[in-house]
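See below for model-v6.cif, which holds mmCIF, C-alpha atoms.
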```cif
data_query
loop_
_atom_site.group_PDB
_atom_site.id
_atom_site.type_symbol
_atom_site.label_atom_id
_atom_site.label_comp_id
_atom_site.auth_asym_id
_atom_site.auth_seq_id
_atom_site.Cartn_x
_atom_site.Cartn_y
_atom_site.Cartn_z
ATOM 1 C CA MET A 1 7.333 31.268 32.518
ATOM 2 C CA PHE A 2 10.460 32.824 31.023
ATOM 3 C CA ARG A 3 11.429 29.531 29.394
ATOM 4 C CA LYS A 4 8.030 29.395 27.693
ATOM 5 C CA LEU A 5 8.506 32.870 26.263
ATOM 6 C CA LYS A 6 12.050 31.992 25.192
ATOM 7 C CA ARG A 7 10.852 28.861 23.343
ATOM 8 C CA ARG A 8 8.194 30.951 21.581
ATOM 9 C CA ARG A 9 10.723 33.678 20.733
ATOM 10 C CA GLU A 10 13.179 31.108 19.331
ATOM 11 C CA LYS A 11 10.341 29.547 17.308
ATOM 12 C CA LYS A 12 10.799 26.146 18.972
ATOM 13 C CA THR A 13 7.228 25.737 20.231
ATOM 14 C CA ASP A 14 3.843 26.816 18.895
ATOM 15 C CA TYR A 15 1.830 26.999 22.113
ATOM 16 C CA TYR A 16 -1.516 27.538 20.356
ATOM 17 C CA GLN A 17 -1.041 24.316 18.403
ATOM 18 C CA ARG A 18 0.141 22.521 21.549
ATOM 19 C CA LEU A 19 -2.910 23.638 23.512
ATOM 20 C CA GLY A 20 -5.204 22.310 20.797
ATOM 21 C CA LEU A 21 -3.454 18.944 20.886
ATOM 22 C CA LEU A 22 -3.582 18.757 24.689
ATOM 23 C CA LYS A 23 -7.318 19.552 24.723
ATOM 24 C CA SER A 24 -7.944 16.318 22.838
ATOM 25 C CA GLY A 25 -6.949 14.404 25.984
ATOM 26 C CA LEU A 26 -5.135 11.821 23.846
ATOM 27 C CA PRO A 27 -1.447 10.917 23.976
ATOM 28 C CA ARG A 28 0.544 12.700 21.271
ATOM 29 C CA LEU A 29 2.408 10.854 18.541
ATOM 30 C CA VAL A 30 5.336 13.231 18.200
ATOM 31 C CA VAL A 31 7.116 12.912 14.846
ATOM 32 C CA ARG A 32 10.464 14.539 14.209
ATOM 33 C CA LYS A 33 12.846 14.116 11.299
ATOM 34 C CA SER A 34 16.483 14.888 10.663
ATOM 35 C CA ASN A 35 18.771 14.379 7.694
ATOM 36 C CA ARG A 36 19.656 10.843 8.868
ATOM 37 C CA TYR A 37 16.696 9.537 10.884
ATOM 38 C CA VAL A 38 12.991 9.723 11.606
ATOM 39 C CA LEU A 39 11.818 9.634 15.221
ATOM 40 C CA ALA A 40 8.444 8.731 16.700
ATOM 41 C CA GLN A 41 7.593 9.281 20.362
ATOM 42 C CA LEU A 42 4.411 8.689 22.264
ATOM 43 C CA VAL A 43 4.059 11.469 24.810
ATOM 44 C CA LYS A 44 1.451 11.851 27.546
ATOM 45 C CA TYR A 45 0.697 15.166 29.195
ATOM 46 C CA GLU A 46 1.056 15.356 32.962
ATOM 47 C CA PRO A 47 0.754 18.535 35.059
ATOM 48 C CA GLU A 48 4.405 18.214 36.184
ATOM 49 C CA GLY A 49 5.540 17.938 32.577
ATOM 50 C CA ASP A 50 5.229 15.730 29.520
ATOM 51 C CA LYS A 51 6.053 12.049 29.997
ATOM 52 C CA VAL A 52 7.620 10.159 27.092
ATOM 53 C CA VAL A 53 6.064 6.688 27.044
ATOM 54 C CA PHE A 54 8.456 5.333 24.390
ATOM 55 C CA THR A 55 10.670 6.407 21.508
ATOM 56 C CA VAL A 56 11.297 4.621 18.212
ATOM 57 C CA LEU A 57 14.167 5.795 16.030
ATOM 58 C CA SER A 58 14.354 4.645 12.409
ATOM 59 C CA LYS A 59 17.858 3.330 13.145
ATOM 60 C CA LYS A 60 16.111 0.374 14.823
ATOM 61 C CA LEU A 61 15.050 -0.851 11.363
ATOM 62 C CA ARG A 62 18.585 -2.214 10.923
ATOM 63 C CA ASN A 63 17.668 -4.916 13.490
ATOM 64 C CA PHE A 64 14.974 -6.121 11.074
ATOM 65 C CA GLY A 65 17.257 -6.209 8.023
ATOM 66 C CA TRP A 66 16.647 -2.744 6.517
ATOM 67 C CA ARG A 67 19.573 -2.075 4.172
ATOM 68 C CA TYR A 68 18.788 1.435 2.946
ATOM 69 C CA GLY A 69 18.619 4.988 4.272
ATOM 70 C CA CYS A 70 16.811 5.595 7.549
ATOM 71 C CA ALA A 71 15.352 8.965 6.569
ATOM 72 C CA ASN A 72 13.432 8.130 3.394
ATOM 73 C CA LEU A 73 9.692 7.553 2.935
ATOM 74 C CA PRO A 74 9.742 3.727 3.241
ATOM 75 C CA ALA A 75 11.855 3.968 6.415
ATOM 76 C CA ALA A 76 9.393 6.491 7.874
ATOM 77 C CA TYR A 77 6.463 4.126 7.235
ATOM 78 C CA LEU A 78 8.310 1.169 8.787
ATOM 79 C CA THR A 79 9.247 3.299 11.815
ATOM 80 C CA GLY A 80 5.572 4.178 12.170
ATOM 81 C CA LEU A 81 4.673 0.493 11.981
ATOM 82 C CA LEU A 82 7.104 -0.213 14.835
ATOM 83 C CA ALA A 83 5.716 2.702 16.871
ATOM 84 C CA GLY A 84 2.125 1.628 16.261
ATOM 85 C CA PHE A 85 2.776 -1.932 17.385
ATOM 86 C CA GLU A 86 4.673 -0.685 20.437
ATOM 87 C CA ALA A 87 1.757 1.586 21.392
ATOM 88 C CA ARG A 88 -0.715 -1.286 21.023
ATOM 89 C CA ARG A 89 1.554 -3.537 23.090
ATOM 90 C CA ARG A 90 1.414 -0.936 25.867
ATOM 91 C CA GLY A 91 -2.381 -0.775 25.726
ATOM 92 C CA ILE A 92 -2.665 2.534 23.871
ATOM 93 C CA ASP A 93 -5.349 2.499 21.165
ATOM 94 C CA LYS A 94 -5.623 6.174 20.181
ATOM 95 C CA ALA A 95 -3.242 9.066 19.706
ATOM 96 C CA ILE A 96 -3.141 12.462 18.035
ATOM 97 C CA LEU A 97 -0.435 13.458 15.551
ATOM 98 C CA ASP A 98 1.974 16.201 16.669
ATOM 99 C CA ILE A 99 4.124 17.413 13.776
ATOM 100 C CA GLY A 100 5.586 20.305 15.745
ATOM 101 C CA LEU A 101 6.911 23.100 13.549
ATOM 102 C CA HIS A 102 7.407 20.890 10.480
ATOM 103 C CA VAL A 103 5.609 22.122 7.393
ATOM 104 C CA SER A 104 2.572 20.015 6.528
ATOM 105 C CA THR A 105 2.801 18.923 2.894
ATOM 106 C CA LYS A 106 0.769 16.211 1.259
ATOM 107 C CA GLY A 107 2.494 12.823 1.091
ATOM 108 C CA ASN A 108 5.555 13.628 3.208
ATOM 109 C CA LYS A 109 7.497 11.393 5.629
ATOM 110 C CA ILE A 110 5.467 12.535 8.631
ATOM 111 C CA TYR A 111 2.255 11.209 7.102
ATOM 112 C CA ALA A 112 3.998 8.026 5.949
ATOM 113 C CA LEU A 113 4.987 7.421 9.583
ATOM 114 C CA ALA A 114 1.434 8.116 10.763
ATOM 115 C CA LYS A 115 0.105 5.682 8.119
ATOM 116 C CA GLY A 116 2.445 3.010 9.501
ATOM 117 C CA CYS A 117 0.994 3.573 12.980
ATOM 118 C CA ILE A 118 -2.544 3.339 11.636
ATOM 119 C CA ASP A 119 -1.735 0.095 9.785
ATOM 120 C CA ALA A 120 -0.421 -1.308 13.086
ATOM 121 C CA GLY A 121 -3.807 -0.640 14.682
ATOM 122 C CA LEU A 122 -3.272 2.722 16.378
ATOM 123 C CA GLU A 123 -6.223 5.047 15.809
ATOM 124 C CA ILE A 124 -5.033 8.486 14.630
ATOM 125 C CA PRO A 125 -7.311 11.099 13.060
ATOM 126 C CA LEU A 126 -5.762 11.619 9.631
ATOM 127 C CA GLY A 127 -7.235 12.482 6.257
ATOM 128 C CA GLU A 128 -6.533 9.985 3.457
ATOM 129 C CA GLU A 129 -5.696 12.833 1.078
ATOM 130 C CA VAL A 130 -2.412 13.639 2.903
ATOM 131 C CA VAL A 131 -1.112 10.053 3.055
ATOM 132 C CA PRO A 132 1.480 9.097 0.401
ATOM 133 C CA SER A 133 0.491 6.522 -2.203
ATOM 134 C CA GLU A 134 1.194 2.841 -1.585
ATOM 135 C CA GLU A 135 3.821 2.876 -4.369
ATOM 136 C CA ARG A 136 5.746 5.700 -2.684
ATOM 137 C CA ILE A 137 5.467 4.044 0.733
ATOM 138 C CA ARG A 138 7.004 0.853 -0.717
ATOM 139 C CA GLY A 139 9.849 2.878 -2.287
ATOM 140 C CA GLU A 140 8.910 2.115 -5.882
ATOM 141 C CA HIS A 141 9.573 5.742 -6.850
ATOM 142 C CA ILE A 142 13.192 5.397 -5.678
ATOM 143 C CA ALA A 143 13.643 2.043 -7.435
ATOM 144 C CA SER A 144 12.226 3.281 -10.753
ATOM 145 C CA TYR A 145 14.317 6.466 -10.602
ATOM 146 C CA ALA A 146 17.456 4.405 -9.907
ATOM 147 C CA ALA A 147 16.708 2.015 -12.781
ATOM 148 C CA ARG A 148 16.103 4.910 -15.176
ATOM 149 C CA LEU A 149 19.262 6.730 -14.053
ATOM 150 C CA LYS A 150 21.366 3.563 -14.384
ATOM 151 C CA GLU A 151 20.161 3.191 -17.973
ATOM 152 C CA GLU A 152 20.675 6.859 -18.897
ATOM 153 C CA ASN A 153 23.839 7.791 -16.988
ATOM 154 C CA GLU A 154 25.680 5.032 -15.144
ATOM 155 C CA LYS A 155 28.300 7.416 -13.769
ATOM 156 C CA GLU A 156 25.664 9.627 -12.149
ATOM 157 C CA TYR A 157 23.867 6.503 -10.872
ATOM 158 C CA ALA A 158 27.058 5.269 -9.194
ATOM 159 C CA LYS A 159 27.649 8.699 -7.677
ATOM 160 C CA ARG A 160 24.095 9.270 -6.442
ATOM 161 C CA PHE A 161 23.622 5.792 -4.934
ATOM 162 C CA SER A 162 27.230 5.168 -3.863
ATOM 163 C CA ALA A 163 26.318 4.508 -0.204
ATOM 164 C CA TYR A 164 23.794 1.832 -1.178
ATOM 165 C CA LEU A 165 26.060 0.255 -3.780
ATOM 166 C CA SER A 166 29.084 0.135 -1.442
ATOM 167 C CA SER A 167 27.004 -1.860 1.065
ATOM 168 C CA ASN A 168 25.797 -4.182 -1.730
ATOM 169 C CA ALA A 169 22.225 -2.874 -1.585
ATOM 170 C CA PRO A 170 21.071 -1.918 -5.103
ATOM 171 C CA PRO A 171 18.410 0.812 -4.919
ATOM 172 C CA GLU A 172 16.245 -1.080 -7.424
ATOM 173 C CA ARG A 173 15.545 -3.630 -4.678
ATOM 174 C CA ILE A 174 14.100 -1.235 -2.101
ATOM 175 C CA PRO A 175 10.502 -2.514 -2.559
ATOM 176 C CA GLU A 176 11.630 -6.120 -1.985
ATOM 177 C CA ASN A 177 13.563 -5.206 1.167
ATOM 178 C CA PHE A 178 10.599 -3.097 2.322
ATOM 179 C CA GLU A 179 8.275 -6.108 2.155
ATOM 180 C CA GLU A 180 10.788 -8.351 3.951
ATOM 181 C CA VAL A 181 11.261 -5.867 6.793
ATOM 182 C CA LYS A 182 7.536 -5.162 7.061
ATOM 183 C CA ASN A 183 6.796 -8.887 7.388
ATOM 184 C CA LYS A 184 9.541 -9.309 10.021
ATOM 185 C CA ILE A 185 8.120 -6.423 12.073
ATOM 186 C CA ILE A 186 4.607 -7.858 11.888
ATOM 187 C CA GLU A 187 5.855 -11.340 12.854
ATOM 188 C CA SER A 188 7.934 -10.054 15.763
ATOM 189 C CA TYR A 189 4.954 -8.264 17.311
ATOM 190 C CA LYS A 190 2.594 -11.119 16.537
ATOM 191 C CA ASN A 191 4.839 -13.554 18.387
ATOM 192 C CA GLY A 192 6.076 -11.222 21.111
#
```

Would you encode the structure as structure tokens?
Amino acid sequence: MFRKLKRRREKKTDYYQRLGLLKSGLPRLVVRKSNRYVLAQLVKYEPEGDKVVFTVLSKKLRNFGWRYGCANLPAAYLTGLLAGFEARRRGIDKAILDIGLHVSTKGNKIYALAKGCIDAGLEIPLGEEVVPSEERIRGEHIASYAARLKEENEKEYAKRFSAYLSSNAPPERIPENFEEVKNKIIESYKNG
């Protein structure tokens, strides 16, 4: 009891929101993000406590050939695709999105991840108006910004994208790498 009050006091848990999610009776797709990664967990409620069915961290995208940041919009979508396929593999068809205390803004990483899950076949109630555009999901906004910056100010381009450039991954090629990784993920779950 005291822990519950402490979590509310420290603004770590919104128990009204949690109760609403639990009343659905569906497993929760818990999405959390940090400065470096995006995390997706499928969590089932049990009277003794929540049970984490599985966790997918965007770092796993490296295994599929992802060469860019693991906390951007394309990485969030691909992480959602992995989570959706994993849920389907475990016989879970439906889930409800749990964004925790993250602010809900149209087109953010959380909704990109949920869109990835939906595209993998997991049924999640989600309005189309909050999902980012296909161009943003593919990373075209990053590629076009990088191309424009390279043309206008090469020094700033080299500074801003230094991590990508040092690993020989030009930011203009994010959409190409996105498609490659997406196809590898789909193939791996199709065959496995």

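When you apply the PyMOL selection byres ((chain A and resi 27-37) around 6) to this structure, what comes back is Leu26, Val38, Leu39, Ala40, Gln41, Leu42, Val43, Lys44, Ser58, Cys70, Ala71, Ala95, Ile96, Leu97, Asp98 and Ile99 of chain A.
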
Residues of the last selection are to be written out with C-alpha atoms, as a PDB file, keeping the file's coordinate frame.
```pdb
ATOM      1  CA  LEU A  26      -5.135  11.821  23.846  1.00  0.00           C
ATOM      2  CA  VAL A  38      12.991   9.723  11.606  1.00  0.00           C
ATOM      3  CA  LEU A  39      11.818   9.634  15.221  1.00  0.00           C
ATOM      4  CA  ALA A  40       8.444   8.731  16.700  1.00  0.00           C
ATOM      5  CA  GLN A  41       7.593   9.281  20.362  1.00  0.00           C
ATOM      6  CA  LEU A  42       4.411   8.689  22.264  1.00  0.00           C
ATOM      7  CA  VAL A  43       4.059  11.469  24.810  1.00  0.00           C
ATOM      8  CA  LYS A  44       1.451  11.851  27.546  1.00  0.00           C
ATOM      9  CA  SER A  58      14.354   4.645  12.409  1.00  0.00           C
ATOM     10  CA  CYS A  70      16.811   5.595   7.549  1.00  0.00           C
ATOM     11  CA  ALA A  71      15.352   8.965   6.569  1.00  0.00           C
ATOM     12  CA  ALA A  95      -3.242   9.066  19.706  1.00  0.00           C
ATOM     13  CA  ILE A  96      -3.141  12.462  18.035  1.00  0.00           C
ATOM     14  CA  LEU A  97      -0.435  13.458  15.551  1.00  0.00           C
ATOM     15  CA  ASP A  98       1.974  16.201  16.669  1.00  0.00           C
ATOM     16  CA  ILE A  99       4.124  17.413  13.776  1.00  0.00           C
TER      17      ILE A  99
END
```

**Q.** Picked residues, the PyMOL selection byres ((chain A and resi 73) around 6), expected as a PyMOL selection string
**A.** chain A and resi 72+74-76+109+137

Q | Picked residues, the PyMOL selection byres ((chain A and resi 145) around 12), as JSON, numbers by chain | A | {"A": [136, 139, 140, 141, 142, 143, 144, 146, 147, 148, 149, 150, 151, 152, 153, 156, 157, 160, 161, 171, 172, 173, 174]}

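Shell of Phe64 of chain A at 10 Å, with only C-alpha atoms counted and residues fewer than 5 places along the chain excluded, is Glu180, Val181, Lys182, Asn183, Lys184, Ile185 and Ser188 of chain A.
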
Q) Hey, which of A:Pro47, A:Gly116, A:Gly65, A:Pro132 ends up closest to Thr79 of chain A? Count only C-alpha atoms. A) A:Gly116
